[in-house]
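Chemist: Encoded as structure tokens, here's the structure I'll be asking about.
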Amino acid sequence: MAESIHSLAALKRHIATLDRAPAAEASPRFTCGPAGMDAALGGGLAQGRVHEIFASVEEEGAAAGLALLWMRQAGSDAPLLWLRSATAVRVAGAPYGPGLAALGLDPQRLLIGMMADDAMLLRAAVDALRCPALGALLIDLRGPAPLLDLTASRRLALAAETSGVTALLLRIGGDPVPSAAETRWRVAAAPSAPLPGQAPGQSAFDVTLLRRRAGPDGMAWRLYWDSNRGEFGDAADERHDDDDIRDAPLSGAAFSLPGAGPSAGRAA
């Protein structure tokens, strides 16, 4: 009995070392943040791998937004697929097309599949990852997700590596468990840098690298997304020189302002 216990412990240690081992072959990478973050990750996040994104229920909007942006970066011009359970759709609602466009994501590129439960969702995810024509896949799982064990994550990882399709696992309200993911992240919303005139700032995210198979982890960044340029930057990119703004012409003016008169005095 004692020998069996020792053998089981040795087997668990061996599996743990395999889980932390670097990938056998280098893969292309996509930009996931500003230049400093990409450099720290060896050029960005690896394509054709599984990446986990964890967030609390309160931070679901920020995590889903960043996951969609990373899908956009990973998928080039190819179609993007978002697999969700019926529970996720019922609780969180459906994405808003104009909001996706404002974020810089073409709604026509995004396909959404709703599955009855997590078991069907994971089966569909493996099938989707086997299609090399897909740009990227977002797998939306809520809560503990007990079916997403080490075996299931390895199945996803193998399918992603074979096809080269990047998979993002969006884990809302769940806790990290052993998996075959290349990286694991914690995401929360961050305040935008203020713009002149109190104009809305860029979308901002606080991200922490919880785990990385082939390098150091524990690092944290604040990401700013410039939807006009379609790229990540830092806080300095949001601030503009006041002289440039003061000298710039107003855009979109197609009519004259009213002159002095009774009606002009009533304008507020």
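The way I read the labels, and the way they are meant: chains A, B, ... in the order of the structure tokens, residue 1 as the first residue of every chain, and ligand 1 as the first ligand shown, with later ones counted on from there.
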Could you produce a table of the residues of segment 33-83 of chain A lying within 10 Å of segment 102-112 of chain A, with the nearest pair of atoms per residue and their separation in Å rounded to one decimal, using only C-alpha atoms, ordered by chain and increasing residue number, as CSV?
Modeler:
```
residue,atom,partner,partner_atom,distance
A:Gly65,CA,A:Leu103,CA,8.3
A:Leu68,CA,A:Leu105,CA,7.9
A:Leu69,CA,A:Leu105,CA,7.4
A:Met71,CA,A:Leu105,CA,9.5
A:Arg72,CA,A:Leu105,CA,6.8
A:Gln73,CA,A:Leu105,CA,9.9
A:Gly75,CA,A:Arg109,CA,9.8
A:Asp77,CA,A:Arg109,CA,7.9
A:Ala78,CA,A:Arg109,CA,7.3
A:Pro79,CA,A:Arg109,CA,4.9
A:Leu80,CA,A:Leu110,CA,4.9
A:Leu81,CA,A:Leu111,CA,4.7
A:Trp82,CA,A:Ile112,CA,4.8
A:Leu83,CA,A:Ile112,CA,5.9
```
Chemist: Considering only C-alpha atoms, return as a VMD selection string whatever protein or nucleic-acid residues lie within 12 Å of segment 122-135 of chain A, sequence-local ones (same chain, fewer than 6 positions apart) excluded.
Modeler: chain A and resid 30 47 to 50 68 70 to 85 109 to 116 141 145 to 149 151 to 169
Chemist: Report the residues of segment 69-148 of chain A whose backbone DSSP state falls under helix (DSSP H, G or I), written as a VMD selection string.
Modeler: chain A and resid 69 to 75 86 to 92 97 to 103 107 to 109 118 to 129
Chemist: In Å, with one decimal, what is the gap from atom CA of Leu138 of chain A to atom CA of Asp118 of chain A?
Modeler: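 According to the coordinates, atom CA of Leu138 of chain A and atom CA of Asp118 of chain A are separated by 13.6 Å.
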Chemist: Could you check the closest approach to Val89 of chain A for each of A:Val177, A:Arg142, A:Leu66, A:Glu58 and tell me which residue wins, using only C-alpha atoms?
Modeler: A:Arg142
Chemist: Find the distance between atom CA of Arg29 of chain A and atom CA of Ala62 of chain A and write it in Å to one decimal.
Modeler: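 Pair atom CA of Arg29 of chain A / atom CA of Ala62 of chain A returns 22.7 Å.
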Chemist: Where in segment 8-220 of chain A does DSSP assign strand (DSSP E or B), given as a ChimeraX atom specification?
Modeler: /A:29-30,45-46,50-55,80-85,110-115,136-142,166-172,183-189,203-212,220
Chemist: Taking only C-alpha atoms into account, name the residue in A:Ala119, A:Ala101, A:Ala220, A:Ala88 that is nearest to Val57 of chain A.
Modeler: A:Ala88
